[in-house]
Amino acid sequence: MNHFKIKLAADREVDAARLSRIDNVLADLDVEEDRCTVDANEGYDSAGQFKRQWEVLQTNSDCAGLFDQLVNVEQPLPRDEALTSKTQEVFTTWDDAPLIIIDESDNRIDSTGTALSHGYAGMSHKNCKGVQGHRECLSGHLLQSKR
């Protein structure tokens with residue numbers, strides 16, 4: 001196993017300590033070609049807040065290994081903040097930003113295009129979300145047919 005999804009708490013000190021511990025564990029295990037994604041779970045109130053914390057975390061030498069292996073950051077902002085003009089201004093002008101993708105904000109047919117125009121690198125896609133819906137529809141149909 002060499003791909004890891006790491007959750008953030010949106011708390012600078014907690015995240016720095018956690019990322020440092022994870023970096024140490026991966027170094028001790030000598031995982032070859034490890035890659036990680038960081039899931040912020042809509043934890044930051046604004047793009048500016050996320051950017052400030054991210055820049056501080058990047059300067060923490062205890063987390064350097066993880067940042068070298070980072071694939072992307074998933075959904076750092078709440079849905080109602082993720083695609084605003086303020087977010088667009090921060091993300092499109094942030095020169096050394098990580099690749100940031102939407103997840104929870106992917107709730108419309110045009111979400112991906114909107115996200116790209118707001119400075120995001122893409123979106124997360126999970127087949128399991130669709131499978132659940134299909135299972136519920138099938139279950140409902142089967143229950144109706146038995147009546």
# chains A, B, ... in the order shown; residues from 1 in each chain; ligands from 1
call {"tool": "residues_around", "arguments": {"residues": "A:Phe50", "least_positions_apart": "3", "cutoff": "10 Å", "atoms": "only C-alpha atoms", "output": "CSV table (one decimal) with C-alpha atoms, in the first residue's frame"}}
result
chain,number,residue,atom,x,y,z
A,10,ALA,CA,-8.6,22.7,10.1
A,12,ARG,CA,-2.9,24.5,12.5
A,40,ALA,CA,-10.1,19.0,4.5
A,43,GLY,CA,-13.2,22.6,7.5
A,44,TYR,CA,-12.0,26.1,6.5
A,45,ASP,CA,-14.3,29.1,6.6
A,46,SER,CA,-12.7,30.8,3.6
A,47,ALA,CA,-10.1,30.4,0.9
A,53,GLN,CA,-2.8,27.8,7.2
A,54,TRP,CA,-1.5,25.8,4.2
A,55,GLU,CA,1.4,28.2,3.7
A,76,PRO,CA,-11.2,22.6,1.9
A,77,LEU,CA,-14.2,24.9,1.9
A,90,VAL,CA,-7.7,33.6,-3.9
call {"tool": "residues_around", "arguments": {"residues": "stretch 16-26 of chain A", "least_positions_apart": "3", "cutoff": "12 Å", "atoms": "only C-alpha atoms", "output": "MDAnalysis selection string"}}
result
chainID A and resid 1:13 29:38 53:70
call {"tool": "write_last_selection", "arguments": {"atoms": "N, CA and C atoms", "output": "CSV table (one decimal), in the first residue's frame"}}
result
chain,number,residue,atom,x,y,z
A,1,MET,N,0.9,-1.2,0.0
A,1,MET,CA,0.0,0.0,0.0
A,1,MET,C,0.9,1.2,0.0
A,2,ASN,N,0.6,2.1,-0.9
A,2,ASN,CA,1.4,3.4,-1.0
A,2,ASN,C,0.6,4.6,-1.3
A,3,HIS,N,-0.7,4.6,-1.3
A,3,HIS,CA,-1.5,5.7,-1.5
A,3,HIS,C,-2.4,5.9,-0.2
A,4,PHE,N,-2.3,7.1,0.3
A,4,PHE,CA,-3.0,7.4,1.6
A,4,PHE,C,-3.9,8.7,1.5
A,5,LYS,N,-5.0,8.6,2.2
A,5,LYS,CA,-5.9,9.8,2.3
A,5,LYS,C,-5.8,10.2,3.7
A,6,ILE,N,-5.4,11.5,3.9
A,6,ILE,CA,-5.2,12.0,5.3
A,6,ILE,C,-6.2,13.1,5.5
A,7,LYS,N,-6.9,13.0,6.7
A,7,LYS,CA,-7.9,14.0,7.0
A,7,LYS,C,-7.2,15.1,7.8
A,8,LEU,N,-7.7,16.4,7.5
A,8,LEU,CA,-7.3,17.5,8.3
A,8,LEU,C,-8.4,18.0,9.2
A,9,ALA,N,-8.0,18.6,10.3
A,9,ALA,CA,-8.9,19.1,11.3
A,9,ALA,C,-9.2,20.6,11.2
A,10,ALA,N,-8.5,21.3,10.3
A,10,ALA,CA,-8.6,22.7,10.1
A,10,ALA,C,-8.1,23.5,11.3
A,11,ASP,N,-7.1,22.9,12.0
A,11,ASP,CA,-6.5,23.5,13.2
A,11,ASP,C,-5.0,23.4,13.0
A,12,ARG,N,-4.4,24.5,12.9
A,12,ARG,CA,-2.9,24.5,12.5
A,12,ARG,C,-2.1,23.6,13.4
A,13,GLU,N,-2.2,23.7,14.7
A,13,GLU,CA,-1.3,22.9,15.6
A,13,GLU,C,-1.7,21.4,15.5
A,29,LEU,N,8.4,3.1,7.9
A,29,LEU,CA,7.9,1.9,7.1
A,29,LEU,C,8.7,1.8,5.8
A,30,ASP,N,9.4,2.9,5.4
A,30,ASP,CA,10.1,2.9,4.2
A,30,ASP,C,9.2,2.6,3.0
A,31,VAL,N,8.0,3.2,3.0
A,31,VAL,CA,7.1,3.0,1.9
A,31,VAL,C,7.6,3.6,0.6
A,32,GLU,N,7.7,2.8,-0.4
A,32,GLU,CA,8.3,3.3,-1.7
A,32,GLU,C,7.2,4.1,-2.5
A,33,GLU,N,7.6,5.2,-3.1
A,33,GLU,CA,6.8,6.0,-3.9
A,33,GLU,C,5.4,6.2,-3.3
A,34,ASP,N,5.4,6.6,-2.1
A,34,ASP,CA,4.1,6.9,-1.5
A,34,ASP,C,3.5,8.2,-2.0
A,35,ARG,N,2.2,8.2,-2.0
A,35,ARG,CA,1.4,9.4,-2.5
A,35,ARG,C,0.3,9.6,-1.5
A,36,CYS,N,-0.1,10.8,-1.3
A,36,CYS,CA,-1.2,11.1,-0.4
A,36,CYS,C,-2.1,12.2,-0.9
A,37,THR,N,-3.3,12.1,-0.5
A,37,THR,CA,-4.3,13.2,-0.7
A,37,THR,C,-4.6,13.7,0.7
A,38,VAL,N,-5.0,14.9,0.8
A,38,VAL,CA,-5.4,15.5,2.1
A,38,VAL,C,-6.8,16.0,1.9
A,53,GLN,N,-3.2,29.0,6.4
A,53,GLN,CA,-2.8,27.8,7.2
A,53,GLN,C,-1.9,26.9,6.3
A,54,TRP,N,-2.3,26.7,5.1
A,54,TRP,CA,-1.5,25.8,4.2
A,54,TRP,C,-0.1,26.3,4.1
A,55,GLU,N,0.1,27.6,3.9
A,55,GLU,CA,1.4,28.2,3.7
A,55,GLU,C,2.3,28.0,5.0
A,56,VAL,N,1.6,28.1,6.2
A,56,VAL,CA,2.4,27.8,7.4
A,56,VAL,C,2.7,26.3,7.5
A,57,LEU,N,1.8,25.5,7.2
A,57,LEU,CA,2.1,24.0,7.3
A,57,LEU,C,3.2,23.6,6.3
A,58,GLN,N,3.3,24.3,5.1
A,58,GLN,CA,4.3,24.0,4.2
A,58,GLN,C,5.7,24.3,4.7
A,59,THR,N,5.8,25.3,5.6
A,59,THR,CA,7.1,25.7,6.1
A,59,THR,C,7.5,24.8,7.2
A,60,ASN,N,6.7,23.9,7.7
A,60,ASN,CA,7.0,23.0,8.8
A,60,ASN,C,7.9,21.9,8.3
A,61,SER,N,9.1,21.8,8.6
A,61,SER,CA,10.0,20.8,8.1
A,61,SER,C,9.7,19.4,8.6
A,62,ASP,N,8.9,19.3,9.6
A,62,ASP,CA,8.5,18.0,10.1
A,62,ASP,C,7.4,17.3,9.2
A,63,CYS,N,6.9,18.1,8.3
A,63,CYS,CA,5.8,17.6,7.4
A,63,CYS,C,6.3,17.5,5.9
A,64,ALA,N,7.6,17.9,5.7
A,64,ALA,CA,8.1,18.1,4.4
A,64,ALA,C,7.9,16.8,3.5
A,65,GLY,N,8.1,15.6,4.0
A,65,GLY,CA,8.0,14.4,3.2
A,65,GLY,C,6.6,14.3,2.6
A,66,LEU,N,5.6,14.6,3.4
A,66,LEU,CA,4.2,14.5,3.0
A,66,LEU,C,3.9,15.5,1.8
A,67,PHE,N,4.4,16.7,2.0
A,67,PHE,CA,4.1,17.7,1.0
A,67,PHE,C,4.8,17.3,-0.3
A,68,ASP,N,6.0,16.6,-0.3
A,68,ASP,CA,6.6,16.2,-1.5
A,68,ASP,C,5.8,15.1,-2.2
A,69,GLN,N,5.0,14.4,-1.5
A,69,GLN,CA,4.2,13.3,-2.1
A,69,GLN,C,2.7,13.6,-2.3
A,70,LEU,N,2.4,14.9,-2.1
A,70,LEU,CA,1.0,15.3,-2.2
A,70,LEU,C,0.4,15.2,-3.6
call {"tool": "select_by_dssp", "arguments": {"residues": "chain A", "states": "alpha helix (DSSP H)", "output": "MDAnalysis selection string"}}
result
chainID A and resid 12:29 47:58 64:68 79:82 85:93 111:117 127:146
call {"tool": "atom_distance", "arguments": {"atom1": "atom CA of A:Trp94", "atom2": "atom CA of A:Arg108"}}
result
25.7 Å
call {"tool": "select_by_dssp", "arguments": {"residues": "chain A", "states": "strand (DSSP E)", "output": "list in words"}}
result
His3, Phe4, Lys5, Ile6, Lys7, Arg35, Cys36, Thr37, Val38, Asp39, Leu70, Val71, Asn72, Val73, Glu74, Ile100, Ile101, Ile102, Gly122 and Met123 of chain A
